[in-house]
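Chemist: Pasting a structure here, questions to come.
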Amino acid sequence: MIAAPAARRLSAILPQLVLAPSLVATFIYVFVFCGWTIFISLSDSSLLPDYSFAGFHHYAELWANRRWNIAYTNLFVFGTLYVVGATAIGLALAILIDQRIRAEALWRTIYLYPLAVSFVVTGTVWRWILSPATGIESIVHHLGWMGFRFDWIVQRDFAIYTVVITGIWQASGFVMALFLAGLRSVDQDLVKAAQIDGAGMARIYRKIILPGIGPIFIAVLVVLLQFAIKTFDLVYALTGGGPGVSTTVPAIYVYDLMFQRGQMAEGAAAAIMILAALSLVLVPYTVWVNWHRRHGEAHG
Amino acid sequence: MAEALRYDPLGPSGTWHRQRARLLVYGLLTLFALYYLLPLVVVILNSFRDLPDISRAGLIGLPSSFSLSYWPIAWSKFCVGGTCAGIAPFFFNSVAMAVPATIISTAIGAVNGYVLSKWRFPGSELLFGFMTLGVFMPGQMVLLPWAVVLGWLKLTNTTAGLVLIHCVQGLSFTTLFCRNYYVNIPDDLIKAARIDGAGFWRIFRKIVLPLSPPILIVTVIWQFTNIWNEFLFAVIFSSGTHQPITAALIALSAGGTSVHQYNVESAAVLIAAAPPLLIYLFGGRYFLRGLTQGALK
């Protein structure tokens with residue numbers, strides 16, 4: 001059973017060989033493409049890429065742009081309400097489901113299905129529901145209350161809140177699932193001991209269960225912030241960024257600059273801002289997770 | 001009263017108190033369920049109503065008409081952006097995109113995960129960390145490079161181009177999923193097989209693959225659902241008759257040239273949602289597992 005040396009050498013590095021194409025693809029995808037976009041942001045590319053160095057002035061233009069201003073303001077408003085709302089509803093649902101209810105699987109299925117379906121689909125339906133002519137406002141009118149108004153989706157100052165409503169609708173079931181897993185992992189003996197001591201359920205949740213799932217709060221926060229920063233389909237399908245430009249978010253603006261207006265360099269600069277915002281969330285989280293893990297290991 | 005003996009988180013107080021609390025729990029759950037189900041119910045009901053009924057009573061309202069005719073129209077007759085062949089061609093575009101991309105990315109991910117967990121070499125942990133970076137890349141960062149690369153490869157506006165994009169983008173996820181699963185296969189099993197003279201591929205086929213169904217199901221569901229639902233790449237890198245269903249659906253429902261045919265559009269929306277929705281209903285457990293791993297890393 002003596003294989004030819006060449007064949008043996010080949011089989012010794014077979015694992016690396018098998019992995020190589022994926023590594024190359026990922027390297028290109030992560031580093032080359034990233035660098036490429038950074039380079040375009042520093043060039044004068046407009047309709048077509050142009051690789052002459054032009055400095056940072058597209059970043060300056062971006063930050064001076066009124067629409068970019070709207071986009072990141074919207075992201076702050078949307079992101080804050082979305083994270084707070086989805087966390088609150090998700091936690092409430094998890095606590096409700098944790099009360100030994102009947103047909104638990106059925107309830108969970110109902111709350112989680114929005115995440116399985118594309119935002120293009122659900123955004124379209126929500127647009128119908130929220131439009132005053134076809135949706136909630138019209139049904140209330142039909143019921144006889146003619147003075148009722150619910151036309152946020154066509155109001156510049158309120159349309160972003162319809163994005164919040166829909167966003168929370170989509171994500172809170174997922175938040176529920178994460179919290180539920182956490183609630184189930186809390187030591188039941190602790191809970192029983194507290195009960196024997198006469199503590200009420202509200203107090204037990206506040207003092208024992210919720211502090212016990214602290215890490216899950218942070219994970220939920222990170223996931224939701226990530227979703228918020230990347231939000232694109234939702235806004236595109238629900239409002240198309242309108243009325244006017246009032247619900248523009250960064251991801252929509254990037255798309256617009258790059259592919260609708262032919263301002264590639266500025267679009268690339270905006271894309272890098274999205275990457276920066278994501279890093280701002282993910283880098284501290286990764287560091288924290290690793291620290292936590294090592295810390296946990298050190299203490300046994 | 002076996003019920004009373006069981007531990008009840010709602011507290012030890014009397015039956016009356018407890019029943020009131022129960023009522024509150026179920027009341028709140030129902031209220032939330034209505035909020036979640038509203039869009040689904042609305043779109044299902046409207047796919048069977050005629051237009052006069054919809055315009056009279058609004059989209060939210062109990063139907064006073066019923067017809068099955070809007071589904072076939074949505075499937076094969078409705079006009080989307082100039083062509084009047086219904087949503088079917090776009091549905092098949094999505095199938096032709098999502099199926100190969102799912103299979104390829106899952107297969108490569110499984111082999112990668114196998115190497116990174118069972119054939120570790122100096123630096124392989126670092127390479128694994130590096131591969132997971134792709135999970136976090138926002139789509140916006142890669143749009144322009146992909147546009148250029150697809151042009152070079154002559155894959156602009158083709159399904160093959162979208163398959164390529166989704167394979168490369170999905171690699172990070174599939175590798176991550178599989179590696180984290182294979183790590184739990186005992187190394188002794190692999191060692192024993194190596195002593196018996198089994199090689200790289202043989203161990204993979206005979207030991208690792210038979211243990212893989214759970215993670216392969218999670219990965220396939222995750223990839224398929226994501227690729228099917230994906231919109232950013234779909235709308236940018238395809239147009240006209242080459243569009244996947246998500247992009248076509250926007251063209252259909254946003255193209256406000258004439259009066260909205262809400263019933264046909266509702267049917268089209270449901271057709272577009274059907275594959276991931278059915279997968280979710282039948283494989284919800286696996287769907288959730290993928291979601292948790294994919295989002296939390």
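As shown in the structure tokens, the chain order sets the letters A, B, ...; within each chain, residues go from 1, and ligands are also counted from 1 in the order they appear.
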Might you pull out every residue within 10 Å of Leu28 of chain B, with only C-alpha atoms counted and same-chain residues fewer than 4 positions away left off, and present them as a compact mmCIF listing (two decimals) with N, CA, C and O atoms, in the first residue's frame?

Modeler:
# COMPACT_ATOMS: atom_id res chain seq x y z
N ALA A 92 -43.08 41.00 25.91
CA ALA A 92 -44.44 40.78 26.43
C ALA A 92 -44.99 39.47 25.91
O ALA A 92 -45.54 38.66 26.68
N LEU A 93 -44.82 39.22 24.63
CA LEU A 93 -45.31 37.97 24.04
C LEU A 93 -44.63 36.75 24.67
O LEU A 93 -45.28 35.75 24.98
N LEU A 96 -46.06 36.18 28.08
CA LEU A 96 -47.41 35.63 27.96
C LEU A 96 -47.36 34.16 27.59
O LEU A 96 -48.08 33.33 28.17
N ARG B 22 -55.71 34.26 33.80
CA ARG B 22 -55.75 33.43 32.59
C ARG B 22 -56.44 34.17 31.45
O ARG B 22 -55.97 34.24 30.33
N LEU B 23 -57.60 34.73 31.81
CA LEU B 23 -58.41 35.44 30.83
C LEU B 23 -57.60 36.58 30.22
O LEU B 23 -57.61 36.80 29.01
N LEU B 24 -56.89 37.28 31.07
CA LEU B 24 -56.06 38.39 30.61
C LEU B 24 -54.98 37.90 29.65
O LEU B 24 -54.75 38.47 28.58
N PHE B 32 -52.83 40.36 20.10
CA PHE B 32 -51.60 40.36 19.31
C PHE B 32 -51.76 39.51 18.06
O PHE B 32 -51.31 39.87 16.98
N ALA B 33 -52.44 38.37 18.20
CA ALA B 33 -52.62 37.47 17.06
C ALA B 33 -53.38 38.18 15.95
O ALA B 33 -53.08 38.01 14.77
N LEU B 34 -54.35 39.02 16.33
CA LEU B 34 -55.11 39.75 15.30
C LEU B 34 -54.19 40.69 14.53
O LEU B 34 -54.26 40.79 13.30

Chemist: Residues of segment 87-153 of chain B that have any atom at most 12 Å from an atom of segment 26-34 of chain A: could you tabulate them with the shortest-distance atom pair and the distance in Å to one decimal, using only C-alpha atoms, ordered by chain and increasing number, as a Markdown table?

Modeler:
| residue | atom | partner | partner_atom | distance |
| --- | --- | --- | --- | --- |
| B:Leu127 | CA | A:Phe27 | CA | 10.2 |
| B:Phe128 | CA | A:Thr26 | CA | 10.8 |
| B:Gly129 | CA | A:Thr26 | CA | 11.4 |
| B:Phe130 | CA | A:Thr26 | CA | 8.3 |
| B:Met131 | CA | A:Thr26 | CA | 6.3 |
| B:Thr132 | CA | A:Thr26 | CA | 9.0 |
| B:Leu133 | CA | A:Val30 | CA | 7.2 |
| B:Gly134 | CA | A:Val30 | CA | 6.0 |
| B:Val135 | CA | A:Val30 | CA | 9.6 |
| B:Phe136 | CA | A:Val30 | CA | 9.5 |
| B:Met137 | CA | A:Val30 | CA | 7.2 |
| B:Pro138 | CA | A:Cys34 | CA | 10.1 |
| B:Gly139 | CA | A:Cys34 | CA | 10.6 |
| B:Gln140 | CA | A:Cys34 | CA | 9.9 |
| B:Met141 | CA | A:Cys34 | CA | 6.1 |
| B:Val142 | CA | A:Phe33 | CA | 5.7 |
| B:Leu143 | CA | A:Phe33 | CA | 8.7 |
| B:Leu144 | CA | A:Phe33 | CA | 8.3 |
| B:Pro145 | CA | A:Phe33 | CA | 5.7 |
| B:Trp146 | CA | A:Phe33 | CA | 8.0 |
| B:Ala147 | CA | A:Phe33 | CA | 10.9 |
| B:Val148 | CA | A:Phe33 | CA | 10.5 |
| B:Val149 | CA | A:Phe33 | CA | 10.0 |

Chemist: Can you list, as a ChimeraX atom specification, all residues belonging to segment 208-256 of chain A that DSSP tags as helix (DSSP H, G or I)?

Modeler: /A:208-212,214-230,233-238,250-256

Chemist: Residues within 9 Å of Arg67 of chain A, please, as a PyMOL selection string. Count only C-alpha atoms; anything in the same chain fewer than 3 positions from it doesn't count.

Modeler: chain A and resi 62+64+70-72+245-246+248+253

Chemist: Please compute the atom CA of Leu234 of chain A-atom CA of Gly123 of chain A distance, one decimal, in Å.

Modeler: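 So the two atoms, atom CA of Leu234 of chain A and atom CA of Gly123 of chain A, lie 5.8 Å apart.
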
Chemist: Do a neighbour search on segment 134-139 of chain A at 8 Å with only C-alpha atoms, toss out local chain neighbours closer than 5 positions, and write the hits as a compact mmCIF listing (two decimals) with N, CA and C atoms, in the first residue's frame.

Modeler:
# COMPACT_ATOMS: atom_id res chain seq x y z
N TRP A 128 -51.63 48.59 1.41
CA TRP A 128 -53.07 48.62 1.18
C TRP A 128 -53.82 48.92 2.48
N ILE A 129 -53.38 48.25 3.55
CA ILE A 129 -54.09 48.40 4.83
C ILE A 129 -53.95 49.81 5.37
N PHE A 148 -63.26 59.95 11.08
CA PHE A 148 -62.05 59.22 11.44
C PHE A 148 -60.95 59.41 10.41
N ARG A 149 -59.76 59.67 10.89
CA ARG A 149 -58.64 59.79 9.95
C ARG A 149 -57.46 58.96 10.38
N PHE A 150 -56.93 58.20 9.44
CA PHE A 150 -55.69 57.47 9.68
C PHE A 150 -54.92 57.44 8.37
N ASP A 151 -54.27 58.54 8.08
CA ASP A 151 -53.62 58.66 6.78
C ASP A 151 -52.13 58.94 6.92
N SER B 55 -64.27 47.63 -3.91
CA SER B 55 -64.32 49.10 -3.91
C SER B 55 -65.50 49.60 -3.06
N ALA B 57 -66.75 48.00 -0.22
CA ALA B 57 -66.55 47.75 1.21
C ALA B 57 -65.12 48.00 1.68
N GLY B 58 -64.21 48.33 0.77
CA GLY B 58 -62.82 48.50 1.17
C GLY B 58 -62.10 47.17 1.22
N LEU B 59 -60.76 47.24 1.36
CA LEU B 59 -59.98 46.01 1.36
C LEU B 59 -60.18 45.20 2.64
N ILE B 60 -60.37 45.93 3.74
CA ILE B 60 -60.65 45.23 4.99
C ILE B 60 -62.16 45.18 5.13
N GLY B 61 -62.71 44.03 5.07
CA GLY B 61 -64.16 43.96 5.15
C GLY B 61 -64.57 42.55 4.81

Chemist: Which residues are close to Leu238 of chain A, i.e. within 10 Å by only C-alpha atoms, leaving aside same-chain residues fewer than 6 positions away? Reply as a ChimeraX atom specification.

Modeler: /A:119-128,130,153,159,162-163,166,247 /B:254

Chemist: Fewer than 5 positions away in the same chain doesn't count, so skip those; otherwise give me all residues within 12 Å of segment 150-155 of chain B, counting only C-alpha atoms, as JSON, numbers by chain.

Modeler: {"B": [142, 143, 144, 145, 160, 161, 162, 163, 164, 165, 233, 236, 237, 238, 242]}

Chemist: Could the residues in this selection be written to a file with N, CA and C atoms, as a PDB file, in the first residue's frame?

Modeler:
ATOM      1  N   VAL B 142     -21.424  45.818  -1.868  1.00  0.00           N
ATOM      2  CA  VAL B 142     -20.948  44.972  -2.963  1.00  0.00           C
ATOM      3  C   VAL B 142     -21.704  45.220  -4.266  1.00  0.00           C
ATOM      4  N   LEU B 143     -22.618  46.154  -4.268  1.00  0.00           N
ATOM      5  CA  LEU B 143     -23.446  46.355  -5.464  1.00  0.00           C
ATOM      6  C   LEU B 143     -22.627  46.754  -6.683  1.00  0.00           C
ATOM      7  N   LEU B 144     -21.803  47.768  -6.522  1.00  0.00           N
ATOM      8  CA  LEU B 144     -21.046  48.248  -7.689  1.00  0.00           C
ATOM      9  C   LEU B 144     -20.047  47.218  -8.188  1.00  0.00           C
ATOM     10  N   PRO B 145     -19.245  46.599  -7.278  1.00  0.00           N
ATOM     11  CA  PRO B 145     -18.346  45.555  -7.773  1.00  0.00           C
ATOM     12  C   PRO B 145     -19.088  44.425  -8.486  1.00  0.00           C
ATOM     13  N   ALA B 160     -28.325  33.086 -14.030  1.00  0.00           N
ATOM     14  CA  ALA B 160     -27.033  32.537 -13.609  1.00  0.00           C
ATOM     15  C   ALA B 160     -26.256  33.558 -12.781  1.00  0.00           C
ATOM     16  N   GLY B 161     -26.347  34.826 -13.169  1.00  0.00           N
ATOM     17  CA  GLY B 161     -25.663  35.867 -12.417  1.00  0.00           C
ATOM     18  C   GLY B 161     -26.165  35.944 -10.977  1.00  0.00           C
ATOM     19  N   LEU B 162     -27.479  35.874 -10.824  1.00  0.00           N
ATOM     20  CA  LEU B 162     -28.047  35.917  -9.474  1.00  0.00           C
ATOM     21  C   LEU B 162     -27.672  34.671  -8.675  1.00  0.00           C
ATOM     22  N   VAL B 163     -27.616  33.528  -9.369  1.00  0.00           N
ATOM     23  CA  VAL B 163     -27.184  32.299  -8.690  1.00  0.00           C
ATOM     24  C   VAL B 163     -25.772  32.483  -8.151  1.00  0.00           C
ATOM     25  N   LEU B 164     -24.894  33.042  -8.985  1.00  0.00           N
ATOM     26  CA  LEU B 164     -23.510  33.266  -8.561  1.00  0.00           C
ATOM     27  C   LEU B 164     -23.465  34.163  -7.322  1.00  0.00           C
ATOM     28  N   ILE B 165     -24.182  35.280  -7.372  1.00  0.00           N
ATOM     29  CA  ILE B 165     -24.197  36.213  -6.244  1.00  0.00           C
ATOM     30  C   ILE B 165     -24.655  35.515  -4.971  1.00  0.00           C
ATOM     31  N   PHE B 233     -30.669  42.614  -4.586  1.00  0.00           N
ATOM     32  CA  PHE B 233     -29.944  42.118  -5.758  1.00  0.00           C
ATOM     33  C   PHE B 233     -30.909  41.844  -6.910  1.00  0.00           C
ATOM     34  N   ILE B 236     -31.852  45.053  -8.701  1.00  0.00           N
ATOM     35  CA  ILE B 236     -30.749  45.767  -9.350  1.00  0.00           C
ATOM     36  C   ILE B 236     -30.162  44.960 -10.504  1.00  0.00           C
ATOM     37  N   PHE B 237     -30.008  43.654 -10.316  1.00  0.00           N
ATOM     38  CA  PHE B 237     -29.290  42.868 -11.315  1.00  0.00           C
ATOM     39  C   PHE B 237     -30.186  42.101 -12.275  1.00  0.00           C
ATOM     40  N   SER B 238     -31.466  42.415 -12.297  1.00  0.00           N
ATOM     41  CA  SER B 238     -32.322  41.780 -13.295  1.00  0.00           C
ATOM     42  C   SER B 238     -33.378  42.770 -13.743  1.00  0.00           C
ATOM     43  N   HIS B 242     -36.494  38.684 -16.974  1.00  0.00           N
ATOM     44  CA  HIS B 242     -35.557  37.888 -16.192  1.00  0.00           C
ATOM     45  C   HIS B 242     -35.722  38.076 -14.691  1.00  0.00           C
TER      46      HIS B 242
END

Chemist: What is the atom CA of Ser117 of chain B to atom CA of Ala101 of chain B distance in Å?

Modeler: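 Separation of atom CA of Ser117 of chain B and atom CA of Ala101 of chain B: 23.7 Å.
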
Chemist: Hey, which of B:Ala74, B:Cys167, B:Ala21, B:Val115 ends up closest to Asn180 of chain B? Count only C-alpha atoms.

Modeler: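 Closest to Asn180 of chain B of all the choices is B:Val115.
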